[in-house]
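Asker: This is structure28.txt (compact mmCIF, C-alpha atoms and all ligand atoms).
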# COMPACT_ATOMS: atom_id res chain seq x y z
CA MET A 284 -7.40 -0.68 -12.96
CA ARG A 285 -6.37 1.65 -10.11
CA ILE A 286 -5.58 -0.27 -6.93
CA VAL A 287 -4.74 1.25 -3.54
CA VAL A 288 -2.98 -1.00 -1.01
CA LEU A 289 -2.50 -0.06 2.66
CA ALA A 290 0.81 -1.79 3.40
CA GLY A 291 2.97 -2.39 6.44
CA GLY A 292 6.24 -4.25 6.22
CA ILE A 293 7.06 -7.78 5.28
CA GLY A 294 3.55 -9.20 4.71
CA GLY A 295 2.47 -6.17 2.74
CA ALA A 296 5.57 -6.15 0.55
CA ARG A 297 5.33 -9.86 -0.25
CA PHE A 298 1.65 -9.48 -1.12
CA LEU A 299 2.46 -6.59 -3.45
CA ARG A 300 4.94 -8.77 -5.36
CA GLY A 301 2.13 -11.26 -6.02
CA LEU A 302 -0.36 -8.52 -6.88
CA MET A 303 2.00 -7.04 -9.48
CA SER A 304 2.45 -10.49 -10.96
CA ALA A 305 -1.33 -11.06 -11.09
CA VAL A 306 -2.23 -7.69 -12.68
CA PRO A 307 0.96 -6.36 -14.31
CA ASP A 308 -0.91 -3.53 -16.06
CA ALA A 309 -2.64 -2.22 -12.94
CA ASP A 310 -1.83 1.21 -11.54
CA ILE A 311 -0.91 0.41 -7.92
CA THR A 312 -0.56 3.03 -5.20
CA VAL A 313 0.82 1.86 -1.86
CA ILE A 314 -0.03 3.88 1.23
CA GLY A 315 2.86 2.95 3.49
CA ASN A 316 2.88 2.78 7.29
CA THR A 317 5.34 5.14 8.96
CA GLY A 318 4.44 4.38 12.57
CA ASP A 319 7.39 1.95 12.77
CA ASP A 320 9.80 4.80 12.02
CA ILE A 321 12.63 5.27 14.50
CA HIS A 322 15.39 7.86 14.89
CA LEU A 323 18.75 6.19 15.46
CA PHE A 324 22.29 7.66 15.38
CA GLY A 325 20.75 10.93 14.24
CA LEU A 326 19.11 9.23 11.24
CA LYS A 327 15.46 8.62 10.38
CA VAL A 328 14.80 4.95 9.65
CA CYS A 329 11.52 3.99 7.90
CA PRO A 330 11.30 0.19 8.14
CA ASP A 331 7.96 -0.36 6.41
CA LEU A 332 8.60 2.07 3.54
CA ASP A 333 12.06 0.57 3.02
CA THR A 334 10.77 -3.02 3.09
CA VAL A 335 8.29 -2.21 0.29
CA MET A 336 10.92 -0.27 -1.67
CA TYR A 337 13.66 -2.91 -1.31
CA THR A 338 11.32 -5.89 -1.86
CA LEU A 339 9.77 -4.51 -5.07
CA GLY A 340 13.06 -2.91 -6.15
CA GLY A 341 15.00 -6.16 -5.84
CA GLY A 342 17.32 -5.17 -2.98
CA ILE A 343 15.63 -6.90 -0.04
CA HIS A 344 17.26 -9.51 2.20
CA GLU A 345 14.77 -12.22 1.18
CA GLU A 346 14.81 -14.46 4.26
CA GLN A 347 14.57 -11.55 6.71
CA GLY A 348 12.07 -9.53 4.71
CA TRP A 349 13.82 -6.36 5.91
CA GLY A 350 17.18 -4.72 5.25
CA ARG A 351 19.41 -5.20 2.26
CA ALA A 352 20.74 -8.31 0.57
CA GLU A 353 24.54 -8.83 0.65
CA GLU A 354 24.76 -6.60 3.71
CA THR A 355 27.85 -5.88 5.83
CA PHE A 356 27.91 -4.33 9.32
CA ALA A 357 31.21 -2.44 9.59
CA VAL A 358 29.53 0.80 10.70
CA LYS A 359 27.40 -1.03 13.26
CA GLU A 360 30.53 -2.71 14.67
CA GLU A 361 32.39 0.59 14.86
CA LEU A 362 29.46 2.23 16.65
CA ALA A 363 29.46 -0.66 19.14
CA ALA A 364 33.23 -0.20 19.61
CA TYR A 365 32.47 3.36 20.70
CA GLY A 366 29.82 1.99 23.05
CA VAL A 367 27.17 3.79 21.03
CA GLY A 368 23.92 1.83 20.98
CA PRO A 369 21.44 0.48 20.49
CA GLU A 370 23.04 -2.72 19.34
CA TRP A 371 19.71 -4.57 19.13
CA PHE A 372 18.64 -2.90 15.86
CA GLY A 373 20.64 -4.36 12.97
CA LEU A 374 21.43 -1.52 10.61
CA GLY A 375 23.72 -2.62 7.79
CA ASP A 376 26.19 -0.49 5.82
CA ARG A 377 24.10 -0.43 2.64
CA ASP A 378 20.95 0.36 4.62
CA PHE A 379 22.73 3.22 6.39
CA ALA A 380 23.10 4.95 3.01
CA THR A 381 19.31 5.05 2.62
CA HIS A 382 18.89 6.62 6.04
CA ILE A 383 21.70 9.13 5.41
CA VAL A 384 20.11 10.26 2.13
CA ARG A 385 16.65 10.42 3.75
CA THR A 386 17.87 12.40 6.76
CA GLN A 387 19.98 14.74 4.61
CA MET A 388 17.01 15.53 2.35
CA MET A 389 14.64 16.03 5.29
CA SER A 390 17.18 18.31 6.97
CA ALA A 391 17.20 20.33 3.74
CA GLY A 392 13.43 20.74 4.11
CA TYR A 393 12.05 18.01 1.85
CA PRO A 394 8.98 16.23 3.25
CA LEU A 395 9.09 12.46 3.71
CA SER A 396 6.87 12.00 0.64
CA ALA A 397 9.38 13.81 -1.61
CA VAL A 398 12.25 11.88 -0.05
CA THR A 399 10.46 8.57 -0.62
CA GLU A 400 9.86 9.53 -4.26
CA ALA A 401 13.57 10.34 -4.65
CA LEU A 402 14.68 7.05 -3.08
CA CYS A 403 12.19 5.14 -5.28
CA ALA A 404 13.65 6.84 -8.39
CA ARG A 405 16.66 4.59 -7.80
CA TRP A 406 14.77 1.44 -6.83
CA GLN A 407 11.90 1.65 -9.36
CA PRO A 408 9.51 -0.49 -7.25
CA GLY A 409 6.86 -0.37 -9.98
CA VAL A 410 4.24 1.10 -7.62
CA ARG A 411 3.68 4.60 -6.30
CA LEU A 412 4.80 4.48 -2.65
CA LEU A 413 3.18 7.21 -0.55
CA PRO A 414 3.90 7.64 3.16
CA MET A 415 0.60 7.66 5.04
CA THR A 416 1.59 11.12 6.33
CA ASP A 417 4.54 13.52 6.18
CA ASP A 418 4.04 14.24 9.87
CA ARG A 419 5.95 12.39 12.58
CA VAL A 420 4.06 9.37 13.92
CA GLU A 421 5.86 6.77 16.07
CA THR A 422 4.06 3.81 17.56
CA HIS A 423 4.74 3.13 21.21
CA VAL A 424 3.73 0.11 23.27
CA LEU A 425 2.65 0.25 26.93
CA ILE A 426 4.27 -2.51 29.01
CA ASP A 427 4.80 -3.25 32.69
CA THR A 428 7.92 -1.62 34.11
CA ALA A 429 8.56 -4.92 35.89
CA ASP A 430 9.07 -6.44 32.45
CA ILE A 431 11.87 -4.09 31.54
CA SER A 432 15.28 -5.57 32.30
CA GLY A 433 18.24 -3.48 33.40
CA SER A 434 18.38 -0.11 35.10
CA ALA A 435 15.26 1.09 33.34
CA ALA A 436 13.20 -1.26 35.47
CA GLY A 437 10.81 0.68 37.66
CA ASP A 438 9.80 -0.21 41.17
CA GLY A 439 7.88 -3.19 39.81
CA GLU A 440 4.72 -1.11 39.74
CA GLY A 441 3.25 0.90 36.93
CA ARG A 442 3.70 0.90 33.24
CA LYS A 443 5.98 2.49 30.69
CA ALA A 444 5.75 3.18 26.99
CA VAL A 445 8.56 1.83 24.84
CA HIS A 446 9.13 2.50 21.14
CA PHE A 447 7.52 -0.14 18.95
CA GLN A 448 10.92 -1.22 17.60
CA GLU A 449 12.24 -1.79 21.10
CA TYR A 450 9.18 -3.88 21.92
CA TRP A 451 9.30 -5.76 18.60
CA VAL A 452 13.03 -6.24 18.09
CA ARG A 453 14.77 -5.99 21.48
CA MET A 454 12.00 -7.60 23.51
CA ARG A 455 10.72 -9.83 20.69
CA ALA A 456 7.21 -8.90 21.85
CA SER A 457 7.86 -11.35 24.71
CA VAL A 458 5.92 -9.40 27.33
CA PRO A 459 2.27 -8.34 27.38
CA ALA A 460 1.38 -5.15 25.56
CA HIS A 461 -1.30 -3.22 27.40
CA ALA A 462 -1.82 -0.56 24.73
CA VAL A 463 -0.45 0.34 21.32
CA VAL A 464 -0.30 4.10 20.75
CA PRO A 465 0.58 5.65 17.37
CA VAL A 466 2.01 8.81 18.96
CA GLY A 467 1.29 11.84 16.76
CA ALA A 468 -1.35 10.14 14.62
CA ASP A 469 -4.21 12.31 15.83
CA GLN A 470 -2.38 15.49 14.76
CA ALA A 471 -1.15 13.96 11.48
CA LYS A 472 -2.48 14.90 8.06
CA PRO A 473 -2.73 12.37 5.19
CA GLY A 474 0.38 12.64 3.04
CA PRO A 475 0.31 14.27 -0.41
CA GLY A 476 -1.65 12.16 -2.87
CA VAL A 477 -3.10 9.80 -0.26
CA LEU A 478 -6.72 10.99 -0.24
CA GLU A 479 -6.67 11.56 -4.00
CA ALA A 480 -5.38 8.03 -4.67
CA ILE A 481 -8.17 6.58 -2.51
CA ALA A 482 -10.84 8.74 -4.19
CA ASP A 483 -9.59 7.80 -7.68
CA SER A 484 -9.19 4.09 -6.94
CA ASP A 485 -11.27 1.23 -8.32
CA VAL A 486 -10.49 -1.04 -5.35
CA VAL A 487 -8.75 -0.81 -1.97
CA LEU A 488 -6.87 -3.82 -0.60
CA PHE A 489 -5.74 -4.58 2.97
CA PRO A 490 -2.85 -7.07 2.54
CA PRO A 491 -1.90 -9.57 5.27
CA SER A 492 -0.05 -6.85 7.20
CA ASN A 493 -0.34 -6.39 10.93
CA PRO A 494 -3.92 -5.14 11.49
CA VAL A 495 -2.93 -3.07 14.53
CA VAL A 496 0.52 -1.58 14.02
CA SER A 497 0.50 -1.46 10.21
CA VAL A 498 -2.96 -1.17 8.61
CA GLY A 499 -4.40 0.09 11.89
CA THR A 500 -1.83 2.88 12.11
CA ILE A 501 -2.56 4.02 8.56
CA LEU A 502 -6.28 4.07 9.38
CA ALA A 503 -5.49 6.13 12.50
CA VAL A 504 -4.40 9.09 10.37
CA PRO A 505 -7.48 11.35 10.46
CA GLY A 506 -9.29 11.33 7.13
CA VAL A 507 -7.94 8.06 5.74
CA ARG A 508 -10.63 5.75 7.10
CA GLU A 509 -13.33 8.25 6.08
CA ALA A 510 -11.87 8.60 2.56
CA ILE A 511 -11.95 4.83 2.10
CA ALA A 512 -15.54 4.61 3.33
CA GLU A 513 -16.59 7.52 1.09
CA ALA A 514 -14.75 6.30 -2.01
CA GLY A 515 -17.61 3.86 -2.57
CA VAL A 516 -15.28 1.21 -4.00
CA PRO A 517 -14.87 -2.38 -2.86
CA VAL A 518 -12.51 -2.82 0.09
CA VAL A 519 -11.12 -6.35 0.39
CA GLY A 520 -8.68 -7.66 2.98
CA LEU A 521 -6.62 -10.82 3.44
CA SER A 522 -6.27 -12.30 6.89
CA PRO A 523 -2.78 -12.16 8.43
CA ILE A 524 -4.00 -14.72 10.96
CA VAL A 525 -4.14 -18.34 9.83
CA GLY A 526 -5.36 -21.02 12.20
CA ASP A 527 -5.56 -18.62 15.17
CA ALA A 528 -1.93 -17.58 14.84
CA PRO A 529 -0.13 -14.90 12.88
CA VAL A 530 1.61 -16.28 9.80
CA ARG A 531 4.70 -14.31 10.69
CA GLY A 532 5.67 -11.76 13.29
CA MET A 533 3.86 -11.40 16.56
CA ALA A 534 0.58 -9.81 15.56
CA ASP A 535 -1.22 -11.74 18.27
CA LYS A 536 0.60 -9.75 20.96
CA VAL A 537 -0.61 -6.40 19.67
CA LEU A 538 -4.06 -7.75 18.83
CA ALA A 539 -4.42 -8.69 22.50
CA ALA A 540 -3.44 -5.13 23.43
CA VAL A 541 -6.46 -3.81 21.54
CA GLY A 542 -8.73 -6.58 22.80
CA VAL A 543 -8.98 -8.48 19.52
CA GLU A 544 -8.83 -12.27 19.49
CA SER A 545 -6.12 -13.73 17.28
CA THR A 546 -8.53 -15.26 14.78
CA ALA A 547 -9.27 -14.57 11.11
CA ALA A 548 -12.88 -13.71 11.93
CA ALA A 549 -12.02 -11.40 14.84
CA VAL A 550 -9.65 -9.37 12.67
CA ALA A 551 -12.32 -8.93 9.98
CA LYS A 552 -14.81 -7.74 12.59
CA HIS A 553 -12.14 -5.48 14.08
CA TYR A 554 -11.90 -3.68 10.72
CA GLY A 555 -15.70 -3.75 10.59
CA SER A 556 -18.30 -4.01 7.84
CA GLY A 557 -18.38 -0.21 7.68
CA LEU A 558 -14.94 -0.41 6.13
CA LEU A 559 -14.45 -3.94 4.83
CA ASP A 560 -16.61 -5.42 2.06
CA GLY A 561 -14.73 -8.68 1.58
CA TRP A 562 -12.32 -10.85 3.54
CA LEU A 563 -10.17 -13.80 2.49
CA VAL A 564 -9.34 -16.47 5.04
CA ASP A 565 -7.14 -19.53 4.72
CA GLU A 566 -8.75 -22.93 4.14
CA VAL A 567 -7.92 -23.94 7.73
CA ASP A 568 -10.26 -21.15 8.81
CA ALA A 569 -13.10 -22.14 6.47
CA ASP A 570 -15.35 -22.48 9.53
CA ALA A 571 -14.97 -18.72 10.03
CA VAL A 572 -16.66 -17.87 6.73
CA ASP A 573 -20.21 -17.94 8.11
CA GLU A 574 -19.24 -15.81 11.12
CA VAL A 575 -17.61 -13.18 8.89
CA GLU A 576 -20.54 -13.16 6.45
CA ALA A 577 -22.92 -12.80 9.39
CA ALA A 578 -21.02 -9.61 10.22
CA GLY A 579 -21.93 -8.25 6.78
CA ILE A 580 -18.56 -8.95 5.15
CA ARG A 581 -18.34 -11.29 2.14
CA CYS A 582 -15.89 -14.05 2.91
CA ARG A 583 -14.02 -16.73 0.93
CA ALA A 584 -11.60 -19.44 2.08
CA LEU A 585 -8.54 -20.33 0.00
CA PRO A 586 -4.80 -21.00 0.53
CA LEU A 587 -3.33 -17.82 2.06
CA MET A 588 0.29 -18.83 2.58
CA MET A 589 2.53 -16.57 0.46
CA THR A 590 4.96 -19.41 -0.21
CA ASP A 591 6.07 -17.95 -3.55
CA THR A 592 5.03 -15.28 -6.06
CA GLU A 593 2.65 -17.61 -7.90
CA ALA A 594 0.81 -18.55 -4.69
CA THR A 595 0.60 -14.88 -3.73
CA ALA A 596 -0.61 -13.96 -7.23
CA ARG A 597 -3.46 -16.45 -6.80
CA MET A 598 -4.40 -14.78 -3.53
CA ALA A 599 -4.33 -11.35 -5.16
CA THR A 600 -6.47 -12.59 -8.05
CA ALA A 601 -8.99 -14.01 -5.58
CA ALA A 602 -9.08 -10.70 -3.69
CA LEU A 603 -9.76 -8.77 -6.91
CA ALA A 604 -12.41 -11.31 -7.93
CA LEU A 605 -14.15 -10.90 -4.58
CA ALA A 606 -14.02 -7.13 -5.07
CA GLU A 607 -15.85 -7.53 -8.41
CA GLU A 608 -18.42 -9.80 -6.73
CA VAL A 609 -18.98 -7.16 -4.08
CA ARG A 610 -19.20 -4.37 -6.68
CA ALA A 611 -21.91 -6.25 -8.61
N1 LIG B 701 13.83 -6.58 12.69
C1 LIG B 701 14.43 -7.43 13.57
O1 LIG B 701 13.79 -8.37 14.04
N2 LIG B 701 15.73 -7.25 13.97
C2 LIG B 701 16.46 -6.21 13.51
O2 LIG B 701 17.65 -6.06 13.92
C3 LIG B 701 15.88 -5.32 12.56
C4 LIG B 701 16.59 -4.26 12.00
C5 LIG B 701 15.99 -3.48 11.00
C6 LIG B 701 16.70 -2.48 10.34
C7 LIG B 701 16.10 -1.71 9.35
C8 LIG B 701 14.78 -1.95 8.99
O3 LIG B 701 14.21 -1.22 8.01
C9 LIG B 701 14.03 -2.96 9.62
C10 LIG B 701 14.64 -3.72 10.64
N3 LIG B 701 13.93 -4.74 11.27
C11 LIG B 701 14.53 -5.56 12.18
C12 LIG B 701 12.54 -5.05 10.93
C13 LIG B 701 11.56 -4.09 11.56
O4 LIG B 701 11.56 -4.13 12.94
C14 LIG B 701 10.19 -4.51 11.00
O5 LIG B 701 10.35 -4.58 9.63
C15 LIG B 701 9.06 -3.56 11.13
O6 LIG B 701 9.27 -2.49 11.88
C16 LIG B 701 7.84 -4.37 11.52
O7 LIG B 701 7.11 -4.57 10.38
Take the structure in this file and express it as structure tokens.

Answerer:
Amino acid sequence: MRIVVLAGGIGGARFLRGLMSAVPDADITVIGNTGDDIHLFGLKVCPDLDTVMYTLGGGIHEEQGWGRAEETFAVKEELAAYGVGPEWFGLGDRDFATHIVRTQMMSAGYPLSAVTEALCARWQPGVRLLPMTDDRVETHVLIDTADISGSAAGDGEGRKAVHFQEYWVRMRASVPAHAVVPVGADQAKPGPGVLEAIADSDVVLFPPSNPVVSVGTILAVPGVREAIAEAGVPVVGLSPIVGDAPVRGMADKVLAAVGVESTAAAVAKHYGSGLLDGWLVDEVDADAVDEVEAAGIRCRALPLMMTDTEATARMATAALALAEEVRA
């Protein structure tokens, strides 16, 4: 079975681990979000691609869900000693090597897709990991200048766009987001293999990744959403919102920015029945099933907490079963 998964960072990577356990013989292609990418210290950092690669390759820092296990921070400390920031983004020594190799290869002219393939040759994640595009896309968040501490603060009026990582990591999404803009998305082309993987797939899955800044950013690349709609295969998603709150991260902050309520049903309707055929919600949101089905999207309630690989495998199995129901 050929499965395509549109994945962001931590939620997407953890879901993939369960999916691989549920259907070990499946051919899985991951279309990875690159809107979280940030250039730091002259290096290109790809948080969501690296989280998938490290998680499935066995190098992830398990509790954090990002960065490497057994990490040290000598380089970060030396940079701080030189007064070279930002200090708020924790890049470890082992992780730096990934960004050095990536930046070196891109400087030599290799596209991000070829670089990702080369990095995955070491990590062997067991899936094909394709960047959503080889073009530069960086998500920015529009906030009030009054909410920016330090010298950058404006005159208290107006708004300013900050890089997604600054909003997410330095500010902990603690201030309202008025808009989320994947800068560059509208000029971006789907990466090599992306449209083909969708066209050749038997099912497309939206894991419990952030529906705005992860899955939403991938869908913002012109051609991707259309390819999924035209593929004529079941598209099934799993809600990242359980009991009106994100399971992890701060998805509710960016959902508000795009005017979507932080509920399992609202996220399904945000994707829309033109795209989504099936939607899994947690048992605590069982009362949302009717609302989602009324929107033309098949819906099932079951435990959606990815507490371990077995629990996640059950979720993945349920998603594939719903896809078969929809196909019938
Ligand atoms: N997230 C944090 O909350 N704090 C960090 O210091 C941090 C550093 C970091 C370094 C490399 C990397 O690949 C990811 C990192 N992340 C950090 C996570 C990152 O912000 C998120 O994984 C995604 O961008 C959101 O899904």

Asker: Mind listing the residues within 7 Å of ligand LIG 701 (chain B), all atoms listed in the file counted, as a PyMOL selection string?

Answerer: chain A and resi 291-293+319+328-331+333-334+349-350+371-374+448+451-452

Asker: Could you name the residues that touch Asp527 (chain A) at 7 Å or less, counting all atoms listed in the file, but leaving out those on the same chain fewer than 2 positions away, as a PyMOL selection string?

Answerer: chain A and resi 524-525+529+545-547

Asker: Please provide the set of residues having any atom within 10 Å of region 584-598 of chain A, restricted to all atoms listed in the file, with same-chain residues fewer than 5 positions apart removed, written as an MDAnalysis selection string.

Answerer: chainID A and resid 294 297:306 490:491 521:525 530 562:572 603:604

Asker: Could the residues of region 292-315 of chain A that have an atom at most 12 Å from region 468-483 of chain A be listed as a tab-separated table, each with its closest atom pair and the distance in Å to one decimal, counting only C-alpha atoms and ordered by chain and ascending residue number?

Answerer:
residue	atom	partner	partner_atom	distance
A:Asp310	CA	A:Ala480	CA	10.3
A:Ile311	CA	A:Ala480	CA	9.4
A:Thr312	CA	A:Ala480	CA	7.0
A:Val313	CA	A:Val477	CA	9.0
A:Ile314	CA	A:Val477	CA	6.8
A:Gly315	CA	A:Val477	CA	9.8

Asker: Next, the residues of the selection above should be written as a PDB file, in the coordinates of the input with C-alpha atoms.

Answerer:
ATOM      1  CA  ASP A 310      -1.830   1.210 -11.540  1.00  0.00           C
ATOM      2  CA  ILE A 311      -0.910   0.410  -7.920  1.00  0.00           C
ATOM      3  CA  THR A 312      -0.560   3.030  -5.200  1.00  0.00           C
ATOM      4  CA  VAL A 313       0.820   1.860  -1.860  1.00  0.00           C
ATOM      5  CA  ILE A 314      -0.030   3.880   1.230  1.00  0.00           C
ATOM      6  CA  GLY A 315       2.860   2.950   3.490  1.00  0.00           C
TER       7      GLY A 315
END

Asker: Please provide as a PyMOL selection string all residues within 9 Å of Lys552 (chain A), with the sequence filter that same-chain residues fewer than 6 positions apart are discarded (counting only C-alpha atoms).

Answerer: chain A and resi 559+575+578+580

Asker: One decimal, in Å: what's the spacing between CA of Arg531 (chain A) and CA of His344 (chain A)?

Answerer: 15.9 Å

Asker: For the point (-12.4, 0.2, -0.8) in the file's frame, write as a PyMOL selection string all residues with an atom no more than 10 Å away, counting all atoms listed in the file.

Answerer: chain A and resi 286-288+481-482+484-489+508+510-520+558-561+606

Asker: With distances taken over only C-alpha atoms, which of A:Leu332, A:Ala357, A:Leu339, A:Leu362 is nearest to Asp320 (chain A)?

Answerer: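 Ranking A:Leu332, A:Ala357, A:Leu339, A:Leu362 by distance to Asp320 (chain A), first place goes to A:Leu332.
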
Asker: Report the distance between CA of Ala503 (chain A) and CA of Asn316 (chain A) in Å, rounded to one decimal place.

Answerer: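 Straight-line distance from CA of Ala503 (chain A) to CA of Asn316 (chain A) works out to 10.4 Å.
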
Asker: For CA of Ile343 (chain A) and CA of Thr600 (chain A), determine how far apart the two atoms are, in Å to one decimal place.

Answerer: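 Those two atoms sit 24.2 Å apart.
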
Asker: Need to verify the contact set: region 420-431 of chain A, 10 Å, only C-alpha atoms, exclusion of same-chain residues closer than 2 positions in sequence. Can you return it as a ChimeraX atom specification?

Answerer: /A:316-322,415-418,433-451,454,456-471,496-497,500,504,537,540

Asker: Could you write out that same residue set with C-alpha atoms as a compact mmCIF listing (two decimals), in the coordinates of the input?

Answerer:
# COMPACT_ATOMS: atom_id res chain seq x y z
CA ASN A 316 2.88 2.78 7.29
CA THR A 317 5.34 5.14 8.96
CA GLY A 318 4.44 4.38 12.57
CA ASP A 319 7.39 1.95 12.77
CA ASP A 320 9.80 4.80 12.02
CA ILE A 321 12.63 5.27 14.50
CA HIS A 322 15.39 7.86 14.89
CA MET A 415 0.60 7.66 5.04
CA THR A 416 1.59 11.12 6.33
CA ASP A 417 4.54 13.52 6.18
CA ASP A 418 4.04 14.24 9.87
CA GLY A 433 18.24 -3.48 33.40
CA SER A 434 18.38 -0.11 35.10
CA ALA A 435 15.26 1.09 33.34
CA ALA A 436 13.20 -1.26 35.47
CA GLY A 437 10.81 0.68 37.66
CA ASP A 438 9.80 -0.21 41.17
CA GLY A 439 7.88 -3.19 39.81
CA GLU A 440 4.72 -1.11 39.74
CA GLY A 441 3.25 0.90 36.93
CA ARG A 442 3.70 0.90 33.24
CA LYS A 443 5.98 2.49 30.69
CA ALA A 444 5.75 3.18 26.99
CA VAL A 445 8.56 1.83 24.84
CA HIS A 446 9.13 2.50 21.14
CA PHE A 447 7.52 -0.14 18.95
CA GLN A 448 10.92 -1.22 17.60
CA GLU A 449 12.24 -1.79 21.10
CA TYR A 450 9.18 -3.88 21.92
CA TRP A 451 9.30 -5.76 18.60
CA MET A 454 12.00 -7.60 23.51
CA ALA A 456 7.21 -8.90 21.85
CA SER A 457 7.86 -11.35 24.71
CA VAL A 458 5.92 -9.40 27.33
CA PRO A 459 2.27 -8.34 27.38
CA ALA A 460 1.38 -5.15 25.56
CA HIS A 461 -1.30 -3.22 27.40
CA ALA A 462 -1.82 -0.56 24.73
CA VAL A 463 -0.45 0.34 21.32
CA VAL A 464 -0.30 4.10 20.75
CA PRO A 465 0.58 5.65 17.37
CA VAL A 466 2.01 8.81 18.96
CA GLY A 467 1.29 11.84 16.76
CA ALA A 468 -1.35 10.14 14.62
CA ASP A 469 -4.21 12.31 15.83
CA GLN A 470 -2.38 15.49 14.76
CA ALA A 471 -1.15 13.96 11.48
CA VAL A 496 0.52 -1.58 14.02
CA SER A 497 0.50 -1.46 10.21
CA THR A 500 -1.83 2.88 12.11
CA VAL A 504 -4.40 9.09 10.37
CA VAL A 537 -0.61 -6.40 19.67
CA ALA A 540 -3.44 -5.13 23.43

Asker: Between A:Lys536, A:His382, A:Arg453, A:Lys359, which is the closest to Val398 (chain A) once you count all atoms listed in the file?

Answerer: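 Of A:Lys536, A:His382, A:Arg453, A:Lys359, the one nearest Val398 (chain A), counting all atoms listed in the file, is A:His382.
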
Asker: Between A:Gln407, A:Tyr365, A:Gln387, A:Glu400, which is the closest to Gly341 (chain A) once you count all atoms listed in the file?

Answerer: A:Gln407
